[in-house]
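Participant: What follows is coords39.txt; its format and atoms are compact mmCIF, C-alpha atoms.
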# COMPACT_ATOMS: atom_id res chain seq x y z
CA MET A 1 0.00 0.00 0.00
CA SER A 2 1.28 3.47 -0.85
CA LYS A 3 2.04 6.05 1.81
CA PRO A 4 -0.67 8.61 2.51
CA MET A 5 0.08 12.13 1.29
CA VAL A 6 -0.37 15.09 3.64
CA ALA A 7 -0.30 18.65 2.24
CA ILE A 8 0.32 21.82 4.25
CA VAL A 9 -1.75 24.67 2.81
CA GLY A 10 -2.60 28.19 3.89
CA ARG A 11 -2.11 31.86 3.03
CA PRO A 12 1.42 33.16 2.33
CA ASN A 13 3.64 33.80 5.33
CA VAL A 14 1.74 31.82 7.97
CA GLY A 15 4.74 29.51 8.57
CA LYS A 16 4.11 26.57 6.22
CA SER A 17 7.78 26.10 5.32
CA THR A 18 8.84 26.40 8.97
CA LEU A 19 6.35 23.66 9.89
CA PHE A 20 7.49 21.53 6.94
CA ASN A 21 11.14 21.82 8.03
CA ALA A 22 10.24 21.01 11.65
CA LEU A 23 8.38 17.83 10.61
CA ALA A 24 10.90 16.78 7.95
CA GLY A 25 13.75 17.24 10.43
CA GLU A 26 15.92 19.32 8.14
CA LYS A 27 15.87 22.63 6.33
CA ILE A 28 14.49 21.74 2.92
CA SER A 29 12.12 24.65 2.26
CA ILE A 30 13.40 28.21 2.04
CA VAL A 31 12.11 30.15 5.04
CA LYS A 32 11.91 33.90 4.50
CA ASP A 33 9.56 36.50 5.95
CA THR A 34 8.24 37.54 2.53
CA PRO A 35 5.04 36.18 0.96
CA GLY A 36 5.73 34.05 -2.11
CA VAL A 37 9.15 32.61 -1.27
CA THR A 38 8.04 28.96 -1.54
CA ARG A 39 7.07 28.89 -5.19
CA ASP A 40 7.20 25.16 -5.79
CA ARG A 41 5.90 22.25 -3.77
CA ILE A 42 8.57 20.35 -1.93
CA PHE A 43 8.02 16.88 -0.47
CA ALA A 44 9.62 14.68 2.19
CA ASP A 45 8.95 11.30 3.78
CA VAL A 46 8.00 11.75 7.44
CA SER A 47 7.48 9.19 10.21
CA TRP A 48 5.38 9.67 13.33
CA LEU A 49 5.35 6.85 15.89
CA ASP A 50 4.87 3.67 13.81
CA LYS A 51 3.35 5.35 10.74
CA SER A 52 4.90 7.16 7.80
CA PHE A 53 3.53 9.53 5.18
CA THR A 54 4.68 11.86 2.40
CA LEU A 55 4.52 15.52 3.45
CA VAL A 56 4.00 18.20 0.80
CA ASP A 57 4.86 21.88 1.26
CA THR A 58 2.98 24.34 -0.97
CA GLY A 59 3.17 27.95 -1.97
CA GLY A 60 0.68 30.22 -0.21
CA ILE A 61 -2.90 30.54 -1.45
CA GLU A 62 -4.02 34.07 -2.28
CA PRO A 63 -7.62 33.52 -3.46
CA ASP A 64 -8.21 36.82 -5.30
CA THR A 65 -4.74 37.78 -6.52
CA LYS A 66 -4.01 39.17 -10.00
CA ASP A 67 -0.27 38.63 -9.50
CA ILE A 68 0.81 35.96 -11.99
CA ILE A 69 3.29 34.23 -9.67
CA LEU A 70 0.83 34.13 -6.75
CA SER A 71 -1.90 32.80 -9.03
CA GLN A 72 0.46 30.07 -10.29
CA MET A 73 1.20 29.20 -6.65
CA ARG A 74 -2.52 28.96 -5.97
CA GLU A 75 -2.79 26.46 -8.83
CA GLN A 76 0.04 24.41 -7.31
CA ALA A 77 -1.74 24.33 -3.96
CA GLU A 78 -4.96 23.21 -5.66
CA ILE A 79 -3.08 20.30 -7.25
CA ALA A 80 -1.59 19.42 -3.85
CA ILE A 81 -5.09 19.45 -2.31
CA ALA A 82 -6.46 17.23 -5.08
CA THR A 83 -3.69 14.64 -4.77
CA SER A 84 -3.44 14.54 -0.95
CA ASP A 85 -5.21 12.24 1.50
CA VAL A 86 -5.16 14.72 4.42
CA ILE A 87 -4.69 18.51 4.51
CA ILE A 88 -3.10 20.55 7.28
CA PHE A 89 -4.66 24.02 7.02
CA LEU A 90 -2.24 26.42 8.69
CA VAL A 91 -3.38 29.82 9.99
CA ASP A 92 -1.58 32.56 11.93
CA VAL A 93 -2.73 33.45 15.46
CA LYS A 94 -0.87 36.78 15.37
CA GLN A 95 -2.51 37.94 12.14
CA GLY A 96 -5.85 36.67 13.40
CA LEU A 97 -8.76 35.43 11.31
CA VAL A 98 -8.87 37.25 7.94
CA ASP A 99 -11.21 37.09 4.95
CA SER A 100 -8.70 35.04 2.89
CA ASP A 101 -8.78 32.30 5.55
CA PHE A 102 -12.54 31.90 4.97
CA GLN A 103 -11.97 31.66 1.21
CA VAL A 104 -9.27 29.02 1.62
CA ALA A 105 -11.53 27.14 4.07
CA ASN A 106 -14.30 27.10 1.44
CA MET A 107 -11.86 25.72 -1.13
CA LEU A 108 -10.87 22.95 1.29
CA ARG A 109 -14.49 22.08 2.06
CA ARG A 110 -15.18 21.67 -1.67
CA SER A 111 -12.28 19.19 -1.90
CA LYS A 112 -14.12 16.89 0.57
CA LYS A 113 -10.72 15.87 2.02
CA PRO A 114 -10.07 15.53 5.79
CA VAL A 115 -8.72 18.85 7.12
CA VAL A 116 -6.67 19.39 10.29
CA LEU A 117 -6.81 23.04 11.35
CA ALA A 118 -3.51 24.14 12.94
CA VAL A 119 -3.11 27.61 14.46
CA ASN A 120 0.57 28.56 14.20
CA LYS A 121 2.82 30.96 16.15
CA VAL A 122 1.21 30.10 19.51
CA ASP A 123 4.49 30.50 21.40
CA ASN A 124 2.67 30.98 24.73
CA PHE A 125 -0.47 28.92 25.23
CA ASP A 126 -1.74 30.99 28.19
CA LYS A 127 -1.35 34.23 26.25
CA TYR A 128 -2.84 33.18 22.91
CA MET A 129 -5.50 30.52 23.67
CA ALA A 130 -8.35 33.08 23.64
CA ASP A 131 -7.25 34.10 20.12
CA VAL A 132 -7.09 30.44 19.01
CA TYR A 133 -10.81 29.99 19.76
CA GLU A 134 -11.63 32.63 17.12
CA PHE A 135 -10.71 30.08 14.42
CA TYR A 136 -13.73 27.92 15.32
CA ASN A 137 -15.56 30.37 13.02
CA LEU A 138 -13.98 28.65 10.01
CA GLY A 139 -16.22 25.64 10.64
CA LEU A 140 -13.39 23.11 10.18
CA GLY A 141 -13.49 21.53 13.62
CA ASP A 142 -11.22 22.05 16.63
CA PRO A 143 -8.26 24.38 15.98
CA ILE A 144 -5.00 22.87 17.27
CA PRO A 145 -2.54 25.43 18.72
CA ILE A 146 1.08 24.92 17.59
CA SER A 147 4.35 26.76 17.24
CA ALA A 148 6.34 25.47 14.25
CA SER A 149 9.44 27.49 15.17
CA SER A 150 9.41 26.35 18.84
CA ARG A 151 8.08 22.86 17.96
CA LEU A 152 5.19 23.12 20.41
CA GLY A 153 1.95 21.17 19.94
CA LEU A 154 3.24 19.22 16.91
CA GLY A 155 2.51 15.85 18.55
CA ASP A 156 -1.18 16.68 19.06
CA MET A 157 -1.42 17.88 15.46
CA LEU A 158 0.25 14.73 14.08
CA ASP A 159 -1.97 12.50 16.22
CA GLU A 160 -4.98 14.18 14.58
CA VAL A 161 -3.42 13.77 11.10
CA MET A 162 -2.85 10.06 11.79
CA GLN A 163 -6.52 9.65 12.77
CA HIS A 164 -7.37 10.53 9.16
CA CYS A 165 -4.50 8.38 7.82
CA ASN A 166 -6.14 5.27 9.24
CA PRO A 167 -4.80 2.34 7.16
CA GLU A 168 -8.28 0.81 6.97
CA ALA A 169 -9.62 4.05 5.51
CA LEU A 170 -6.84 4.34 2.94
CA VAL A 171 -6.48 0.70 1.97
CA GLU A 172 -7.10 0.04 -1.70
CA GLU A 173 -8.72 -3.12 -2.97
CA GLU A 174 -6.19 -5.84 -3.71
CA ASP A 175 -5.36 -5.49 -7.39
CA ASP A 176 -2.77 -7.75 -9.02
CA ARG A 177 -2.78 -5.88 -12.32
CA PRO A 178 0.57 -4.15 -13.02
CA LYS A 179 0.40 -0.43 -12.31
CA ILE A 180 2.50 1.73 -14.60
CA ALA A 181 3.07 5.42 -13.84
CA VAL A 182 3.89 7.56 -16.87
CA ILE A 183 6.16 10.34 -15.58
CA GLY A 184 8.20 13.14 -17.10
CA LYS A 185 8.26 16.83 -17.86
CA PRO A 186 5.18 18.58 -19.23
CA ASN A 187 4.77 18.15 -23.01
CA SER A 188 7.01 15.08 -23.17
CA GLY A 189 4.08 13.03 -24.51
CA LYS A 190 2.75 11.27 -21.40
CA SER A 191 -0.94 11.62 -22.25
CA SER A 192 -0.28 10.99 -25.95
CA LEU A 193 1.27 7.63 -25.03
CA ILE A 194 -1.77 6.53 -23.00
CA ASN A 195 -4.19 7.82 -25.64
CA LYS A 196 -2.37 5.79 -28.30
CA LEU A 197 -2.35 2.66 -26.14
CA ILE A 198 -6.11 2.78 -25.49
CA GLY A 199 -6.93 4.03 -28.99
CA LYS A 200 -8.95 7.07 -28.00
CA ASP A 201 -8.47 10.49 -26.41
CA ARG A 202 -9.45 9.65 -22.86
CA VAL A 203 -6.66 11.50 -21.04
CA ILE A 204 -6.98 15.24 -21.62
CA VAL A 205 -3.95 17.47 -21.12
CA SER A 206 -5.48 20.51 -19.47
CA ASP A 207 -4.45 23.87 -18.10
CA ILE A 208 -6.96 23.44 -15.26
CA ALA A 209 -5.59 22.15 -11.97
CA GLY A 210 -7.40 19.78 -9.65
CA THR A 211 -7.59 16.38 -11.38
CA THR A 212 -7.75 13.77 -8.64
CA ARG A 213 -5.60 10.64 -8.43
CA ASP A 214 -8.45 8.26 -9.19
CA ALA A 215 -9.53 10.16 -12.32
CA ILE A 216 -6.18 9.66 -14.03
CA ASP A 217 -6.09 5.85 -13.83
CA THR A 218 -6.62 4.17 -17.21
CA GLU A 219 -7.20 0.46 -17.88
CA VAL A 220 -5.39 -0.92 -20.92
CA LYS A 221 -5.89 -4.49 -22.25
CA ARG A 222 -3.39 -6.28 -24.48
CA ASP A 223 -3.27 -9.96 -25.43
CA GLY A 224 -5.71 -10.85 -22.66
CA LYS A 225 -3.66 -9.06 -19.96
CA GLU A 226 -4.81 -5.94 -18.11
CA TYR A 227 -2.62 -3.02 -17.05
CA ILE A 228 -3.38 0.14 -15.07
CA PHE A 229 -1.68 3.25 -16.45
CA ILE A 230 -1.40 6.26 -14.15
CA ASP A 231 -0.99 9.53 -16.03
CA THR A 232 0.82 12.37 -14.30
CA ALA A 233 0.03 15.04 -16.87
CA GLY A 234 -2.36 17.87 -16.10
CA LEU A 235 -0.65 21.15 -16.94
CA ARG A 236 0.87 22.41 -20.15
CA ARG A 237 3.43 25.14 -20.25
CA LYS A 238 1.78 28.49 -20.73
CA ASN A 239 2.99 32.07 -20.90
CA LYS A 240 6.76 32.07 -20.56
CA ILE A 241 7.09 30.77 -17.02
CA LYS A 242 8.59 27.53 -18.30
CA GLU A 243 10.63 26.82 -15.17
CA GLU A 244 7.67 27.31 -12.81
CA ILE A 245 5.33 25.14 -14.88
CA GLU A 246 7.85 22.30 -15.11
CA ARG A 247 7.92 22.08 -11.33
CA TYR A 248 4.17 21.51 -11.25
CA SER A 249 4.60 17.89 -12.33
CA ILE A 250 6.47 16.91 -9.16
CA ILE A 251 3.52 16.37 -6.78
CA ARG A 252 1.59 14.30 -9.30
CA THR A 253 4.74 12.29 -9.95
CA VAL A 254 5.26 11.52 -6.24
CA ALA A 255 1.63 10.45 -5.81
CA ALA A 256 1.71 8.25 -8.92
CA VAL A 257 5.11 6.68 -8.22
CA GLU A 258 4.04 5.73 -4.68
CA ARG A 259 1.26 3.60 -6.18
CA CYS A 260 3.01 2.10 -9.21
CA ASP A 261 5.03 -1.05 -9.89
CA VAL A 262 6.89 0.39 -12.88
CA ALA A 263 7.54 4.00 -13.89
CA ILE A 264 7.91 4.95 -17.56
CA LEU A 265 10.03 8.11 -17.79
CA MET A 266 9.09 9.99 -20.96
CA ILE A 267 11.96 11.99 -22.48
CA ASP A 268 11.42 14.43 -25.35
CA ALA A 269 13.90 13.40 -28.08
CA THR A 270 13.76 16.86 -29.64
CA GLU A 271 14.98 18.46 -26.38
CA GLY A 272 17.34 15.73 -25.22
CA VAL A 273 17.68 14.46 -21.66
CA THR A 274 17.72 17.31 -19.10
CA GLU A 275 18.44 17.91 -15.43
CA GLN A 276 14.67 18.06 -14.83
CA ASP A 277 14.36 14.55 -16.32
CA ALA A 278 17.05 13.35 -13.89
CA LYS A 279 15.17 14.85 -10.91
CA ILE A 280 11.88 13.22 -11.92
CA ALA A 281 13.57 9.84 -12.55
CA GLY A 282 15.19 10.12 -9.11
CA ILE A 283 11.75 9.98 -7.47
CA ALA A 284 11.15 6.50 -8.90
CA HIS A 285 14.73 5.38 -8.18
CA GLU A 286 14.59 6.47 -4.52
CA ARG A 287 11.30 4.63 -4.01
CA GLY A 288 12.68 1.40 -5.48
CA LYS A 289 10.38 1.19 -8.50
CA GLY A 290 11.08 -0.48 -11.82
CA VAL A 291 12.05 2.09 -14.46
CA ILE A 292 11.69 2.21 -18.25
CA ILE A 293 13.12 5.22 -20.09
CA ALA A 294 11.00 5.94 -23.18
CA VAL A 295 12.60 8.41 -25.58
CA ASN A 296 9.52 9.89 -27.29
CA LYS A 297 9.15 11.86 -30.57
CA TRP A 298 11.94 9.75 -32.08
CA ASP A 299 10.24 10.19 -35.50
CA LEU A 300 11.04 13.94 -35.36
CA VAL A 301 14.80 13.48 -34.90
CA GLU A 302 17.11 13.64 -37.92
CA LYS A 303 19.12 10.45 -37.82
CA ASP A 304 22.31 8.94 -39.12
CA ASP A 305 23.94 5.61 -38.25
CA LYS A 306 25.30 7.01 -34.96
CA THR A 307 22.29 8.99 -33.66
CA ILE A 308 20.87 6.23 -31.46
CA TYR A 309 24.27 5.48 -29.89
CA LYS A 310 24.92 9.16 -29.14
CA PHE A 311 21.50 9.58 -27.55
CA THR A 312 21.87 6.36 -25.55
CA ASN A 313 25.21 7.56 -24.18
CA GLN A 314 23.73 10.94 -23.29
CA VAL A 315 20.83 9.29 -21.40
CA ARG A 316 23.12 6.85 -19.57
CA GLU A 317 25.49 9.67 -18.60
CA THR A 318 22.76 12.01 -17.25
CA LEU A 319 20.98 9.13 -15.47
CA ALA A 320 24.19 7.40 -14.37
CA TYR A 321 22.68 6.50 -10.97
CA MET A 322 20.19 4.12 -12.64
CA PRO A 323 22.14 2.02 -15.19
CA TYR A 324 19.61 -0.80 -14.70
CA ALA A 325 16.78 1.18 -16.38
CA GLU A 326 15.49 -0.23 -19.67
CA LEU A 327 15.68 2.12 -22.68
CA VAL A 328 13.31 2.25 -25.66
CA PHE A 329 12.93 4.76 -28.52
CA ILE A 330 9.29 5.39 -29.45
CA SER A 331 6.81 7.75 -31.04
CA ALA A 332 3.55 8.05 -29.10
CA LYS A 333 2.05 9.92 -32.07
CA THR A 334 2.76 7.34 -34.79
CA GLY A 335 2.81 4.27 -32.55
CA GLN A 336 6.42 3.43 -33.47
CA ARG A 337 7.76 0.59 -31.25
CA LEU A 338 4.84 0.85 -28.79
CA HIS A 339 4.39 -2.94 -28.95
CA LYS A 340 7.86 -3.24 -27.40
CA VAL A 341 6.77 -1.15 -24.40
CA PHE A 342 4.41 -3.90 -23.18
CA ASP A 343 7.07 -6.59 -23.59
CA ILE A 344 9.50 -4.50 -21.53
CA ILE A 345 6.83 -3.78 -18.87
CA ASP A 346 6.17 -7.54 -18.48
CA ALA A 347 9.91 -8.25 -18.15
CA VAL A 348 10.47 -5.46 -15.60
CA VAL A 349 7.45 -6.52 -13.48
CA GLU A 350 8.82 -10.07 -13.48
CA ASN A 351 12.28 -8.84 -12.43
CA CYS A 352 10.83 -6.67 -9.64
CA ASN A 353 9.17 -9.83 -8.22
CA LEU A 354 12.09 -12.20 -8.81
CA ARG A 355 13.25 -14.29 -5.82
CA ILE A 356 16.61 -16.06 -5.74
CA GLN A 357 17.28 -19.16 -3.62
CA THR A 358 19.60 -18.54 -0.68
CA GLY A 359 21.97 -21.35 -1.68
CA VAL A 360 22.46 -19.89 -5.16
CA LEU A 361 23.04 -16.40 -3.73
CA ASN A 362 25.74 -17.67 -1.39
CA GLU A 363 27.52 -19.42 -4.26
CA ILE A 364 27.63 -16.06 -6.09
CA LEU A 365 28.86 -14.30 -2.95
CA THR A 366 31.65 -16.85 -2.36
CA GLU A 367 32.78 -16.56 -5.97
CA ALA A 368 32.65 -12.74 -5.87
CA VAL A 369 34.80 -12.61 -2.69
CA ALA A 370 37.31 -15.05 -4.22
CA MET A 371 37.65 -12.88 -7.34
CA LYS A 372 37.97 -9.57 -5.47
CA GLN A 373 39.02 -9.29 -1.84
CA PRO A 374 36.82 -7.21 0.45
CA PRO A 375 38.25 -3.88 1.70
CA SER A 376 40.31 -3.70 4.90
CA ASP A 377 41.29 -0.98 7.35
CA LYS A 378 44.22 -0.98 9.80
CA GLY A 379 44.81 -4.69 9.30
CA LYS A 380 41.16 -5.67 9.81
CA ARG A 381 39.35 -7.02 6.74
CA LEU A 382 35.64 -6.95 5.96
CA ARG A 383 34.20 -10.45 6.15
CA LEU A 384 30.99 -11.41 4.34
CA TYR A 385 29.40 -14.45 6.01
CA TYR A 386 26.05 -14.99 4.39
CA ILE A 387 23.51 -13.46 1.97
CA THR A 388 19.76 -13.92 1.76
CA GLN A 389 16.91 -12.21 -0.10
CA VAL A 390 14.37 -10.66 2.28
CA SER A 391 11.85 -9.02 -0.06
CA VAL A 392 10.81 -8.11 -3.61
CA LYS A 393 9.59 -4.88 -5.29
CA PRO A 394 12.47 -4.01 -5.24
CA PRO A 395 14.57 -7.15 -4.72
CA THR A 396 16.27 -6.59 -1.36
CA PHE A 397 19.20 -8.60 -0.01
CA VAL A 398 20.77 -8.72 3.44
CA ILE A 399 24.48 -9.59 3.79
CA PHE A 400 25.72 -10.51 7.27
CA ILE A 401 29.18 -9.06 7.91
CA ASN A 402 31.67 -8.57 10.75
CA ASP A 403 31.99 -4.76 10.84
CA LYS A 404 29.91 -2.05 9.11
CA LYS A 405 32.76 0.44 9.41
CA LEU A 406 34.78 -1.63 6.93
CA THR A 407 32.11 -1.47 4.19
CA HIS A 408 32.57 0.73 1.15
CA PHE A 409 29.93 1.64 -1.43
CA SER A 410 32.18 0.51 -4.28
CA TYR A 411 32.35 -3.05 -2.91
CA THR A 412 28.58 -3.12 -2.34
CA ARG A 413 28.14 -2.03 -5.95
CA TYR A 414 30.56 -4.80 -7.03
CA ILE A 415 28.42 -7.42 -5.24
CA GLU A 416 25.30 -5.94 -6.89
CA ASN A 417 26.96 -6.20 -10.31
CA GLN A 418 27.82 -9.86 -9.67
CA ILE A 419 24.17 -10.58 -8.81
CA ARG A 420 23.00 -8.70 -11.90
CA GLN A 421 25.51 -10.54 -14.10
CA THR A 422 23.92 -13.84 -13.10
CA PHE A 423 20.22 -12.93 -12.93
CA GLY A 424 19.91 -9.71 -14.94
CA PHE A 425 17.31 -7.81 -12.87
CA ARG A 426 16.94 -5.43 -15.84
CA GLY A 427 14.70 -2.49 -15.14
CA THR A 428 14.62 -2.81 -11.35
CA PRO A 429 16.84 -1.33 -8.65
CA ILE A 430 18.42 -3.71 -6.13
CA HIS A 431 18.78 -2.87 -2.44
CA ILE A 432 21.64 -4.41 -0.47
CA ILE A 433 21.64 -4.08 3.32
CA MET A 434 24.79 -4.81 5.29
CA ARG A 435 24.00 -6.20 8.74
CA GLU A 436 26.58 -6.74 11.47
CA ARG A 437 26.83 -10.12 13.13
CA LYS A 438 28.38 -9.59 16.54
CA ASN A 439 29.92 -13.02 17.11
CA ASP A 440 32.85 -13.10 14.69
CA ARG A 441 33.65 -16.81 14.56
Transcribe the structure of this file into structure tokens.
Facilitator:
Amino acid sequence: MSKPMVAIVGRPNVGKSTLFNALAGEKISIVKDTPGVTRDRIFADVSWLDKSFTLVDTGGIEPDTKDIILSQMREQAEIAIATSDVIIFLVDVKQGLVDSDFQVANMLRRSKKPVVLAVNKVDNFDKYMADVYEFYNLGLGDPIPISASSRLGLGDMLDEVMQHCNPEALVEEEDDRPKIAVIGKPNSGKSSLINKLIGKDRVIVSDIAGTTRDAIDTEVKRDGKEYIFIDTAGLRRKNKIKEEIERYSIIRTVAAVERCDVAILMIDATEGVTEQDAKIAGIAHERGKGVIIAVNKWDLVEKDDKTIYKFTNQVRETLAYMPYAELVFISAKTGQRLHKVFDIIDAVVENCNLRIQTGVLNEILTEAVAMKQPPSDKGKRLRLYYITQVSVKPPTFVIFINDKKLTHFSYTRYIENQIRQTFGFRGTPIHIIMRERKNDR
């Protein structure tokens, strides 16, 4: 089951980024006392007690602004609201209840999502509690007093958030059909790919924010097998704020990747692979999902006998952290090589679920150690006793060793390469966990 998503929303300058940093445990959002500093949503995985969720920071909502940047930020926040399971509505006790708070509250009510009302900047409960009660007028339930900067009241707020993140309430029906998230920059051809696969224009690329997660799932049947495609499109570039618009895809990408088995990263062949592509691909890589890189609009590229090799090298160099990813050159418009996409999806799904017998794994480990000695430090050498596979999606292996301090990422990568050499695991990341065994016999 995917992690619930929790979005922090509110007017500019009520302390959303400060709260986000306090919950995420590090300074990720820029905190500045000027409305409009947080222009793009930023996300982090957060744990509270025995539960975890994905936290989303948003730009401030100014309901009636004509300012183009603030209106773009409002659109971002609306996307965050649509894709989240729970919303923390943050207000400012020192500014008091203002008309914009009522307008934001109305927007949240229309979303029909659970809302936790948090009143920020309550540095002294005795002094400010009378002012906190004023926020009952919003009609969103009990206001919870907190101070993000002093980290007061955050436990009570998170307890309330977790009430709405009840696993029973969020559990999805068991569905064995492969789920494929189509991710990438705006205008890379994500919706065109799905439209071509289903043979009709069902996924509409729109300038209007607010498409929910469920509305962008598409069933595709091929050769008697069913697949669920999750489209992460929703906003085209408009005006000239290219950089801002490109960032809009991130929250949809996180929500989709959390739920998928395989992510197809769409790259625009006419633009080449970019830093933004690398950031989006990193979301799938970090979450251990299978990855297929689909270079789209290949029919528009002028080619010679070396074009495909040059482009392949460029992709592999920019996405060097995921050499396992499968690569295919397609045209969503003409349908070129789309039949190959399904074959690759089937292979990647199979690899994500592949289990290797412990005896076979230990034979590989013994051979790998014999071919290349483990690292040593001050006369003490790393010893690898035993390897076993503990889970799939992604395939995860535990190696029992004598001392974690002697491990080095290059040797871990060497072991991974030896496993891949034998079993392939194309398209899926592999996780290797080194675990110390205290009794060194």
Participant: Would you mind reading off the distance between atom CA of A:Lys113 and atom CA of A:Thr58, one decimal, in Å?
Facilitator: 16.4 Å
Participant: Out of A:Gln418, A:Ser376, A:Asn13, A:Gln95, which residue has the shortest atom-to-atom distance to A:Glu363 when counting only C-alpha atoms?
Facilitator: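 Smallest distance to A:Glu363 is found for A:Gln418.
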Participant: So which residues fall inside 9 Å of (19.1, -9.5, 5.3) if we count all atoms listed in the file? Mind giving them as a ChimeraX atom specification?
Facilitator: /A:386-390,396-400,432-435
Participant: Which is closest to A:Leu138 among A:Leu152, A:Ile228, A:Val115, A:Leu55, if we use all atoms listed in the file?
Facilitator: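 Looking at the shortest contact to A:Leu138, the residue is A:Val115.
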Participant: Rounded to one decimal place, report the atom CA of A:Tyr128-atom CA of A:Val161 distance in Å.
Facilitator: 22.7 Å
Participant: Between atom CA of A:Val392 and atom CA of A:Asn351, what is the distance, to one decimal in Å?
Facilitator: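 Distance between the two atoms: 9.0 Å.
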Participant: Using all atoms listed in the file, find the one residue out of A:Leu384, A:Leu265, A:Ala130, A:Val328 that sits nearest to A:Glu367.
Facilitator: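 Once distances to A:Glu367 are computed over all atoms listed in the file, the minimum belongs to A:Leu384.
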Participant: For A:Thr366, which of A:Ile264, A:Ala22, A:Ile415, A:Leu49 is the closest residue, counting all atoms listed in the file?
Facilitator: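 Using all atoms listed in the file, the shortest distance to A:Thr366 belongs to A:Ile415.
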Participant: Please report, as JSON lines, each residue of stretch 316-428 of chain A lying at most 12 Å from stretch 183-190 of chain A, together with the nearest pair of atoms and the separation in Å rounded to one decimal; use only C-alpha atoms, and order rows by chain and ascending residue number.
Facilitator:
{"residue": "A:Ile330", "atom": "CA", "partner": "A:Gly189", "partner_atom": "CA", "distance": 10.5}
{"residue": "A:Ser331", "atom": "CA", "partner": "A:Gly189", "partner_atom": "CA", "distance": 8.8}
{"residue": "A:Ala332", "atom": "CA", "partner": "A:Gly189", "partner_atom": "CA", "distance": 6.8}
{"residue": "A:Lys333", "atom": "CA", "partner": "A:Gly189", "partner_atom": "CA", "distance": 8.4}
{"residue": "A:Thr334", "atom": "CA", "partner": "A:Gly189", "partner_atom": "CA", "distance": 11.8}
{"residue": "A:Gly335", "atom": "CA", "partner": "A:Gly189", "partner_atom": "CA", "distance": 12.0}
